[in-house]
Amino acid sequence: MSDIITVDKSTLLTAQNFRFNIVPQNFPLFYPFVANSYNLKIEYAHQADSFFIMFYSHKNFPTPKPSGSLYSMENLYVKPDSTWKIPNNPKQYYRFDQMGIYKVTVDTSKPGGANLLRYYDNYPKIDALEALLQPLDYVASPNEMEKIVGETNLKLAIDNFWLSKTESMDRARELIRVYYNRVYLANYYFTDIAEGWKTDRGMVYVLFGPPNKVTRDLVSETWAYTKKESDNEAVFTFIRETGPLDTEVFVLNKNESDNYSFKRAVDNWRRGDVFYYGNL
């Protein structure tokens with residue numbers, strides 16, 4: 001899932017014409033998010049006197065459900081909150097402290113540019129209460145979520161949610177460990193215009209775990225979950241599209257069998273069992 005990079009330099013403004021380097025180490029930033037307040041230097045593969053930075057403040061999108069998609073929501077990012085111009089100076093570095101998306105380009109009149117996402121400190125790790133709470137939306141009922149949010153001790157309420165599904169402290173710990181490790185990995189691999197766990201691939205990854213087989217071409221990516229000694233499998237196909245802010249996104253191509261697979265996965269988690277398709 002992570003070792004394939006689609007090369008796209010079809011225009012002078014595609015994202016791969018831009019690079020962010022962490023200074024003073026001068027390490028390239030390989031992922032589209034900045035975890036902490038790094039000092040970053042911007043590089044461009046062609047001649048340009050200056051860069052334009054368009055800032056879109058962080059939006060806490062509702063958790064997409066299996067029947068929907070983050071990318072189908074209207075007005076995801078339409079107009080930047082602010083735009084400013086900076087010189088293309090190889091000796092100058094910049095900080096991106098405010099939570100949101102920074103689009104860097106050399107021409108605001110044309111599509112393209114590179115996006116840099118700034119979330120909470122230590123992203124993609126799951127070490128903030130809000131980061132623990134929101135992903136529960138995939139497996140908790142609306143009433144359960146409302147009750148958890150209303151508790152004074154949010155961390156205890158989250159722990160009690162998991163404990164209520166199994167009534168075993170050890171099994172609850174295992175549920176928490178696996179579930180949030182999947183959330184972390186979804187953030188690490190699938191972040192685009194939102195936290196990785198909210199994307200279509202992230203949603204499948206959190207509920208189902210890593211697929212047994214991944215195939216990818218120029219237009220799609222397909223995940224297959226298989227069982228030992230059985231021909232039964234769950235297959236999810238994600239279509240490669242250009243999403244908001246000219247970001248490459250992978251949109252789940254849904255069908256009726258997907259709804260059944262998602263229901264089984266959610267039911268499994270709610271019974272207090274880590275969901276692995278191969279164990280069905």
# chains A, B, ... in the order shown; residues from 1 in each chain; ligands from 1
>>> residues_around(residues="range 132-137 of chain A", least_positions_apart="4", cutoff="8 Å", atoms="only C-alpha atoms", output="compact mmCIF listing (two decimals) with N, CA and C atoms, in the first residue's frame")
# COMPACT_ATOMS: atom_id res chain seq x y z
N THR A 63 -17.49 11.88 10.63
CA THR A 63 -16.94 10.58 10.27
C THR A 63 -17.76 9.97 9.15
N ILE A 126 -1.55 8.52 18.04
CA ILE A 126 -2.85 8.68 18.70
C ILE A 126 -2.59 8.89 20.18
N ASP A 127 -2.24 10.10 20.55
CA ASP A 127 -1.92 10.36 21.96
C ASP A 127 -2.67 11.57 22.51
N ALA A 128 -3.72 11.98 21.82
CA ALA A 128 -4.58 13.06 22.31
C ALA A 128 -5.99 12.50 22.49
N SER A 141 -22.49 3.39 18.70
CA SER A 141 -23.78 3.93 18.27
C SER A 141 -23.83 5.42 18.56
N PRO A 142 -24.74 6.16 17.91
CA PRO A 142 -24.87 7.60 18.22
C PRO A 142 -25.13 7.86 19.69
N MET A 145 -21.86 7.41 21.59
CA MET A 145 -20.96 8.54 21.37
C MET A 145 -21.40 9.75 22.17
N ILE A 158 -13.89 6.41 27.41
CA ILE A 158 -13.46 5.64 26.24
C ILE A 158 -13.05 4.23 26.66
N TYR A 180 -6.55 1.10 17.73
CA TYR A 180 -5.86 2.39 17.59
C TYR A 180 -4.54 2.25 16.85
N VAL A 183 -5.75 2.77 13.44
CA VAL A 183 -6.00 4.20 13.22
C VAL A 183 -4.69 4.92 12.93
N TRP A 197 -7.55 8.09 8.83
CA TRP A 197 -8.61 7.15 9.22
C TRP A 197 -9.97 7.57 8.70
>>> select_by_dssp(residues="range 27-253 of chain A", states="helix (DSSP H, G or I)", output="ChimeraX atom specification")
/A:70-72,129-138,142-149,154-166,169-190,196-198,200-208,244-246
>>> residues_around(residues="Asn253 in chain A", least_positions_apart="6", cutoff="7 Å", atoms="only C-alpha atoms", output="PyMOL selection string")
chain A and resi 237-239
>>> write_last_selection(atoms="C-alpha atoms", output="CSV table (one decimal), in the first residue's frame")
chain,number,residue,atom,x,y,z
A,237,THR,CA,-11.9,-1.3,-5.1
A,238,PHE,CA,-10.8,2.3,-4.8
A,239,ILE,CA,-10.9,4.6,-7.8
>>> residues_around(residues="Ala265 in chain A", least_positions_apart="4", cutoff="10 Å", atoms="only C-alpha atoms", output="list of chain:residue names")
A:Val139, A:Val204, A:Val206, A:Leu207, A:Phe208, A:Asn259, A:Tyr260, A:Ser261, A:Trp269, A:Arg270, A:Asp273, A:Val274, A:Phe275, A:Tyr276, A:Tyr277, A:Leu280
>>> closest_residue(among="A:Ala131, A:Lys263, A:Arg171, A:Val249", to="Leu154 in chain A", atoms="only C-alpha atoms")
A:Ala131
>>> atom_distance(atom1="CA of Val219 in chain A", atom2="CA of Phe250 in chain A")
9.2 Å
>>> closest_residue(among="A:Arg271, A:Lys155, A:Arg118, A:Arg240", to="Asp200 in chain A", atoms="only C-alpha atoms")
A:Arg240
>>> closest_atom_pairs(of="range 93-175 of chain A", to="range 30-44 of chain A", cutoff="12 Å", atoms="only C-alpha atoms", output="Markdown table")
| residue | atom | partner | partner_atom | distance |
| --- | --- | --- | --- | --- |
| A:Tyr93 | CA | A:Lys41 | CA | 4.5 |
| A:Tyr94 | CA | A:Leu40 | CA | 5.2 |
| A:Arg95 | CA | A:Asn39 | CA | 5.1 |
| A:Phe96 | CA | A:Ser37 | CA | 6.3 |
| A:Asp97 | CA | A:Ser37 | CA | 5.6 |
| A:Gln98 | CA | A:Ser37 | CA | 9.1 |
| A:Met99 | CA | A:Val34 | CA | 10.1 |
| A:Gly100 | CA | A:Phe33 | CA | 10.0 |
| A:Ile101 | CA | A:Phe33 | CA | 8.9 |
| A:Tyr102 | CA | A:Phe33 | CA | 9.8 |
| A:Lys103 | CA | A:Pro32 | CA | 10.7 |
| A:Val104 | CA | A:Ile42 | CA | 8.8 |
| A:Thr105 | CA | A:Tyr44 | CA | 9.2 |
| A:Val106 | CA | A:Tyr44 | CA | 9.0 |
| A:Gly113 | CA | A:Tyr44 | CA | 10.2 |
| A:Ala114 | CA | A:Pro32 | CA | 8.5 |
| A:Asn115 | CA | A:Pro32 | CA | 6.6 |
| A:Leu116 | CA | A:Pro32 | CA | 5.2 |
| A:Leu117 | CA | A:Phe33 | CA | 4.4 |
| A:Arg118 | CA | A:Val34 | CA | 5.4 |
| A:Tyr119 | CA | A:Ala35 | CA | 7.1 |
| A:Tyr120 | CA | A:Ala35 | CA | 7.3 |
| A:Asp121 | CA | A:Asn36 | CA | 5.2 |
| A:Asn122 | CA | A:Ala35 | CA | 5.1 |
| A:Tyr123 | CA | A:Ala35 | CA | 4.9 |
| A:Pro124 | CA | A:Ala35 | CA | 7.0 |
| A:Lys125 | CA | A:Ala35 | CA | 8.9 |
| A:Ile126 | CA | A:Ala35 | CA | 11.8 |
>>> select_by_dssp(residues="range 40-264 of chain A", states="strand (DSSP E or B)", output="PyMOL selection string")
chain A and resi 40-44+50-57+82-87+94-95+100-105+114-118+213-216+220-226+233-242+248-253
>>> atom_distance(atom1="CA of Glu130 in chain A", atom2="CA of Phe20 in chain A")
28.0 Å
